[in-house]
Amino acid sequence: MRKKKKQEHGNHERWLVSYADFITLLFAFFVVLYSSAQVDKRRVGQLALAIQVAFQQMGIFQASNSKPALLDSEPMPFSNVQIVENAERNDAMGRLVSSPQGQLTNAPARELMNDLQSQLESALSPEIKKHTITVSPTREGIVVSLKEAGFFDSGSAVIRPDTLSTIAHFIGVIRPYPVHIRIEGHTDNVPIHTARFDSNWELSTARATQMIKLFIAQYSIAPNRLSASGYGEYYPIASNDTPEGRAQNRRVDLVLLNPTAVVAPPLVRIPTVIPHTPNP
């Protein structure tokens, strides 16, 4: 009589190995998610303050009126974030507001910028004498600063029609020169809140943008030669403690970059809504 072959039984606990692997991976996944969601706010504040102090020592944030707090229980305010953001932007663009005149190592470029400065001072001499315009050499090139009192009404981004002849003289001088123009809007530290502008950021940006629109539409300056930025109150050239100082800080700077300067692309991290303004 043939003996029955014994039936072999499979190992029913093998699934535990795969299950244990799955649980381990799932645990690791949630640990990574948890750790990435935690932000040490104190260290973020310390980092922001360290960046600001470093740029103050370089002469960039000399008169900044606000500092990121180290012990904020809430996320950093927008103004503090924007301070650090503009420090990074300034570093990338090579902007040194209070630096002395730098020497261009390229002789032809130095000669070109000296000639351009001389022509600008001659063409704009009436406005320079009235202190509505200043022409200053910097490491980047030349800064032609248009004071608000001479070119804009208070709180407005519309260029005054009686100043167009002055702008035409400026365009007539710089048109043949191979220079890029960075237009910078600046304000004082008095808060603004109107139907058109919620903050000094928007006012300064709108003024710079309005100037670009004028250069392109009325004077046919190539758009790839132009860039605009709004700095609000954070790059003063005088103290905001006096009416005279605040008047100097309310300005639009036309920065004529020397041909050897590197034109950095704009850093788009915090979007700015630019209100539409009609052509003057």
# chains A, B, ... in the order shown; residues from 1 in each chain; ligands from 1
$ select_by_dssp --residues "stretch 124-207 of chain A" --states "strand (DSSP E)" --output "list in words"
Ile133, Thr134, Val135, Ser136, Pro137, Gly141, Ile142, Val143, Val144, Ser145, Leu146, Lys147, His180, Ile181, Arg182, Ile183, Glu184, Gly185 and His186 of chain A
$ write_last_selection --atoms "N, CA and C atoms" --output "CSV table (one decimal), in the first residue's frame"
chain,number,residue,atom,x,y,z
A,133,ILE,N,18.3,118.8,-9.4
A,133,ILE,CA,19.1,117.7,-10.0
A,133,ILE,C,20.5,117.7,-9.5
A,134,THR,N,21.0,116.5,-9.2
A,134,THR,CA,22.4,116.3,-8.8
A,134,THR,C,23.0,115.3,-9.8
A,135,VAL,N,24.3,115.5,-10.1
A,135,VAL,CA,25.0,114.5,-11.0
A,135,VAL,C,26.2,114.1,-10.2
A,136,SER,N,26.3,112.8,-9.9
A,136,SER,CA,27.3,112.3,-9.0
A,136,SER,C,28.0,111.0,-9.6
A,137,PRO,N,29.3,111.0,-9.7
A,137,PRO,CA,30.0,109.8,-10.1
A,137,PRO,C,30.0,108.7,-9.0
A,141,GLY,N,29.1,104.1,-12.2
A,141,GLY,CA,29.0,105.0,-13.4
A,141,GLY,C,28.7,106.4,-12.9
A,142,ILE,N,27.4,106.8,-13.3
A,142,ILE,CA,27.0,108.2,-12.9
A,142,ILE,C,25.6,108.1,-12.4
A,143,VAL,N,25.2,108.8,-11.3
A,143,VAL,CA,23.9,108.9,-10.8
A,143,VAL,C,23.3,110.3,-11.1
A,144,VAL,N,22.3,110.4,-11.9
A,144,VAL,CA,21.6,111.6,-12.1
A,144,VAL,C,20.3,111.6,-11.2
A,145,SER,N,20.3,112.3,-10.1
A,145,SER,CA,19.2,112.2,-9.1
A,145,SER,C,18.2,113.4,-9.4
A,146,LEU,N,16.9,113.0,-9.6
A,146,LEU,CA,15.9,113.9,-9.8
A,146,LEU,C,15.1,114.1,-8.5
A,147,LYS,N,15.1,115.2,-8.0
A,147,LYS,CA,14.4,115.5,-6.7
A,147,LYS,C,12.9,115.5,-6.9
A,180,HIS,N,23.7,101.4,-20.1
A,180,HIS,CA,22.4,101.0,-19.6
A,180,HIS,C,22.0,101.9,-18.5
A,181,ILE,N,20.7,102.1,-18.4
A,181,ILE,CA,20.1,103.0,-17.4
A,181,ILE,C,19.2,102.3,-16.4
A,182,ARG,N,19.6,102.3,-15.1
A,182,ARG,CA,18.7,101.7,-14.1
A,182,ARG,C,18.0,102.8,-13.4
A,183,ILE,N,16.7,102.8,-13.4
A,183,ILE,CA,15.9,103.9,-12.8
A,183,ILE,C,15.4,103.4,-11.5
A,184,GLU,N,15.7,104.2,-10.5
A,184,GLU,CA,15.4,103.8,-9.1
A,184,GLU,C,14.5,104.8,-8.4
A,185,GLY,N,13.4,104.3,-7.9
A,185,GLY,CA,12.5,105.2,-7.1
A,185,GLY,C,12.8,105.1,-5.6
A,186,HIS,N,12.8,106.3,-5.0
A,186,HIS,CA,13.1,106.3,-3.5
A,186,HIS,C,12.1,107.3,-2.9
$ select_by_dssp --residues "stretch 194-259 of chain A" --states "alpha helix (DSSP H)" --output "MDAnalysis selection string"
chainID A and resid 200:217 243:249
$ closest_atom_pairs --of "stretch 166-207 of chain A" --to "stretch 242-263 of chain A" --cutoff "12 Å" --atoms "only C-alpha atoms" --output "JSON lines"
{"residue": "A:Ile167", "atom": "CA", "partner": "A:Leu254", "partner_atom": "CA", "distance": 10.9}
{"residue": "A:Phe170", "atom": "CA", "partner": "A:Leu254", "partner_atom": "CA", "distance": 10.0}
{"residue": "A:Ile171", "atom": "CA", "partner": "A:Leu254", "partner_atom": "CA", "distance": 11.1}
{"residue": "A:Val173", "atom": "CA", "partner": "A:Leu256", "partner_atom": "CA", "distance": 11.7}
{"residue": "A:Ile174", "atom": "CA", "partner": "A:Leu256", "partner_atom": "CA", "distance": 8.7}
{"residue": "A:Arg175", "atom": "CA", "partner": "A:Leu256", "partner_atom": "CA", "distance": 11.3}
{"residue": "A:Tyr177", "atom": "CA", "partner": "A:Pro259", "partner_atom": "CA", "distance": 9.4}
{"residue": "A:Pro178", "atom": "CA", "partner": "A:Pro259", "partner_atom": "CA", "distance": 6.8}
{"residue": "A:Val179", "atom": "CA", "partner": "A:Leu257", "partner_atom": "CA", "distance": 5.7}
{"residue": "A:His180", "atom": "CA", "partner": "A:Leu257", "partner_atom": "CA", "distance": 5.4}
{"residue": "A:Ile181", "atom": "CA", "partner": "A:Leu256", "partner_atom": "CA", "distance": 4.8}
{"residue": "A:Arg182", "atom": "CA", "partner": "A:Val255", "partner_atom": "CA", "distance": 5.0}
{"residue": "A:Ile183", "atom": "CA", "partner": "A:Leu254", "partner_atom": "CA", "distance": 4.8}
{"residue": "A:Glu184", "atom": "CA", "partner": "A:Asp253", "partner_atom": "CA", "distance": 5.0}
{"residue": "A:Gly185", "atom": "CA", "partner": "A:Val252", "partner_atom": "CA", "distance": 4.6}
{"residue": "A:His186", "atom": "CA", "partner": "A:Arg251", "partner_atom": "CA", "distance": 5.3}
{"residue": "A:Thr187", "atom": "CA", "partner": "A:Arg250", "partner_atom": "CA", "distance": 4.3}
{"residue": "A:Asp188", "atom": "CA", "partner": "A:Arg246", "partner_atom": "CA", "distance": 5.2}
{"residue": "A:Asn189", "atom": "CA", "partner": "A:Arg246", "partner_atom": "CA", "distance": 7.6}
{"residue": "A:Val190", "atom": "CA", "partner": "A:Arg246", "partner_atom": "CA", "distance": 8.5}
{"residue": "A:Asn200", "atom": "CA", "partner": "A:Arg250", "partner_atom": "CA", "distance": 10.3}
{"residue": "A:Leu203", "atom": "CA", "partner": "A:Arg250", "partner_atom": "CA", "distance": 10.5}
{"residue": "A:Ser204", "atom": "CA", "partner": "A:Val252", "partner_atom": "CA", "distance": 8.0}
{"residue": "A:Thr205", "atom": "CA", "partner": "A:Val252", "partner_atom": "CA", "distance": 9.8}
{"residue": "A:Ala206", "atom": "CA", "partner": "A:Val252", "partner_atom": "CA", "distance": 10.6}
{"residue": "A:Arg207", "atom": "CA", "partner": "A:Val252", "partner_atom": "CA", "distance": 7.3}
$ write_last_selection --atoms "N, CA, C and O atoms" --output "mmCIF file, in the first residue's frame"
data_model
loop_
_atom_site.group_PDB
_atom_site.id
_atom_site.type_symbol
_atom_site.label_atom_id
_atom_site.label_comp_id
_atom_site.auth_asym_id
_atom_site.auth_seq_id
_atom_site.Cartn_x
_atom_site.Cartn_y
_atom_site.Cartn_z
ATOM 1 N N ILE A 167 14.042 116.563 -19.074
ATOM 2 C CA ILE A 167 14.253 115.161 -19.403
ATOM 3 C C ILE A 167 14.719 115.016 -20.847
ATOM 4 O O ILE A 167 15.568 114.181 -21.167
ATOM 5 N N PHE A 170 18.357 115.594 -20.965
ATOM 6 C CA PHE A 170 19.058 114.409 -20.464
ATOM 7 C C PHE A 170 19.131 113.337 -21.543
ATOM 8 O O PHE A 170 20.201 112.758 -21.793
ATOM 9 N N ILE A 171 18.007 113.081 -22.199
ATOM 10 C CA ILE A 171 17.971 112.060 -23.246
ATOM 11 C C ILE A 171 18.897 112.435 -24.395
ATOM 12 O O ILE A 171 19.604 111.600 -24.971
ATOM 13 N N VAL A 173 21.635 113.952 -24.319
ATOM 14 C CA VAL A 173 23.038 113.704 -23.980
ATOM 15 C C VAL A 173 23.362 112.219 -23.972
ATOM 16 O O VAL A 173 24.364 111.767 -24.546
ATOM 17 N N ILE A 174 22.503 111.418 -23.352
ATOM 18 C CA ILE A 174 22.868 110.010 -23.131
ATOM 19 C C ILE A 174 22.540 109.109 -24.323
ATOM 20 O O ILE A 174 23.032 107.978 -24.389
ATOM 21 N N ARG A 175 21.710 109.575 -25.247
ATOM 22 C CA ARG A 175 21.250 108.709 -26.331
ATOM 23 C C ARG A 175 22.397 108.033 -27.089
ATOM 24 O O ARG A 175 22.356 106.825 -27.323
ATOM 25 N N TYR A 177 25.394 107.293 -26.176
ATOM 26 C CA TYR A 177 26.364 106.570 -25.354
ATOM 27 C C TYR A 177 25.883 105.134 -25.104
ATOM 28 O O TYR A 177 24.702 104.913 -24.801
ATOM 29 N N PRO A 178 26.787 104.160 -25.181
ATOM 30 C CA PRO A 178 26.393 102.749 -24.996
ATOM 31 C C PRO A 178 26.282 102.382 -23.519
ATOM 32 O O PRO A 178 27.022 101.535 -23.015
ATOM 33 N N VAL A 179 25.365 103.020 -22.810
ATOM 34 C CA VAL A 179 25.209 102.767 -21.378
ATOM 35 C C VAL A 179 23.797 102.261 -21.097
ATOM 36 O O VAL A 179 22.839 102.657 -21.762
ATOM 37 N N HIS A 180 23.696 101.376 -20.116
ATOM 38 C CA HIS A 180 22.395 100.955 -19.612
ATOM 39 C C HIS A 180 21.963 101.921 -18.515
ATOM 40 O O HIS A 180 22.804 102.508 -17.819
ATOM 41 N N ILE A 181 20.664 102.073 -18.360
ATOM 42 C CA ILE A 181 20.112 103.015 -17.389
ATOM 43 C C ILE A 181 19.224 102.254 -16.408
ATOM 44 O O ILE A 181 18.240 101.630 -16.815
ATOM 45 N N ARG A 182 19.576 102.306 -15.144
ATOM 46 C CA ARG A 182 18.733 101.709 -14.104
ATOM 47 C C ARG A 182 18.004 102.845 -13.385
ATOM 48 O O ARG A 182 18.637 103.732 -12.819
ATOM 49 N N ILE A 183 16.685 102.816 -13.433
ATOM 50 C CA ILE A 183 15.873 103.880 -12.844
ATOM 51 C C ILE A 183 15.363 103.412 -11.484
ATOM 52 O O ILE A 183 14.674 102.404 -11.389
ATOM 53 N N GLU A 184 15.727 104.165 -10.454
ATOM 54 C CA GLU A 184 15.415 103.768 -9.086
ATOM 55 C C GLU A 184 14.501 104.793 -8.425
ATOM 56 O O GLU A 184 14.823 105.983 -8.380
ATOM 57 N N GLY A 185 13.381 104.318 -7.878
ATOM 58 C CA GLY A 185 12.496 105.183 -7.124
ATOM 59 C C GLY A 185 12.808 105.109 -5.641
ATOM 60 O O GLY A 185 13.052 104.019 -5.101
ATOM 61 N N HIS A 186 12.828 106.261 -4.965
ATOM 62 C CA HIS A 186 13.117 106.338 -3.532
ATOM 63 C C HIS A 186 12.116 107.280 -2.864
ATOM 64 O O HIS A 186 11.640 108.237 -3.479
ATOM 65 N N THR A 187 11.819 107.025 -1.590
ATOM 66 C CA THR A 187 10.922 107.884 -0.814
ATOM 67 C C THR A 187 11.558 108.185 0.544
ATOM 68 O O THR A 187 12.619 107.657 0.876
ATOM 69 N N ASP A 188 10.877 109.026 1.324
ATOM 70 C CA ASP A 188 11.295 109.187 2.715
ATOM 71 C C ASP A 188 10.594 108.126 3.560
ATOM 72 O O ASP A 188 9.977 107.201 3.014
ATOM 73 N N ASN A 189 10.706 108.240 4.892
ATOM 74 C CA ASN A 189 10.147 107.186 5.745
ATOM 75 C C ASN A 189 8.762 107.524 6.291
ATOM 76 O O ASN A 189 8.276 106.849 7.202
ATOM 77 N N VAL A 190 8.122 108.552 5.752
ATOM 78 C CA VAL A 190 6.755 108.884 6.180
ATOM 79 C C VAL A 190 5.799 107.922 5.482
ATOM 80 O O VAL A 190 5.763 107.873 4.246
ATOM 81 N N ASN A 200 4.962 103.082 0.488
ATOM 82 C CA ASN A 200 6.059 103.745 -0.210
ATOM 83 C C ASN A 200 6.690 102.848 -1.265
ATOM 84 O O ASN A 200 7.269 103.336 -2.236
ATOM 85 N N LEU A 203 4.669 103.472 -4.407
ATOM 86 C CA LEU A 203 4.910 104.803 -4.956
ATOM 87 C C LEU A 203 6.275 104.862 -5.642
ATOM 88 O O LEU A 203 6.393 105.366 -6.767
ATOM 89 N N SER A 204 7.312 104.359 -4.979
ATOM 90 C CA SER A 204 8.658 104.423 -5.558
ATOM 91 C C SER A 204 8.751 103.590 -6.832
ATOM 92 O O SER A 204 9.382 103.999 -7.819
ATOM 93 N N THR A 205 8.113 102.421 -6.835
ATOM 94 C CA THR A 205 8.143 101.568 -8.026
ATOM 95 C C THR A 205 7.365 102.198 -9.168
ATOM 96 O O THR A 205 7.788 102.152 -10.331
ATOM 97 N N ALA A 206 6.213 102.815 -8.855
ATOM 98 C CA ALA A 206 5.394 103.441 -9.892
ATOM 99 C C ALA A 206 6.123 104.611 -10.537
ATOM 100 O O ALA A 206 6.038 104.822 -11.755
ATOM 101 N N ARG A 207 6.848 105.378 -9.754
ATOM 102 C CA ARG A 207 7.592 106.509 -10.323
ATOM 103 C C ARG A 207 8.694 106.020 -11.265
ATOM 104 O O ARG A 207 8.893 106.581 -12.344
#
$ closest_residue --among "A:Thr138, A:Phe215, A:Glu13, A:Glu202" --to "A:Gln117" --atoms "only C-alpha atoms"
A:Thr138
$ residues_around --residues "A:Ile212" --least-positions-apart "3" --cutoff "8 Å" --atoms "only C-alpha atoms" --output "list in words"
Ile183, Ala208, Thr209, Phe215, Ile216, Leu226, Ser227 and Ala228 of chain A
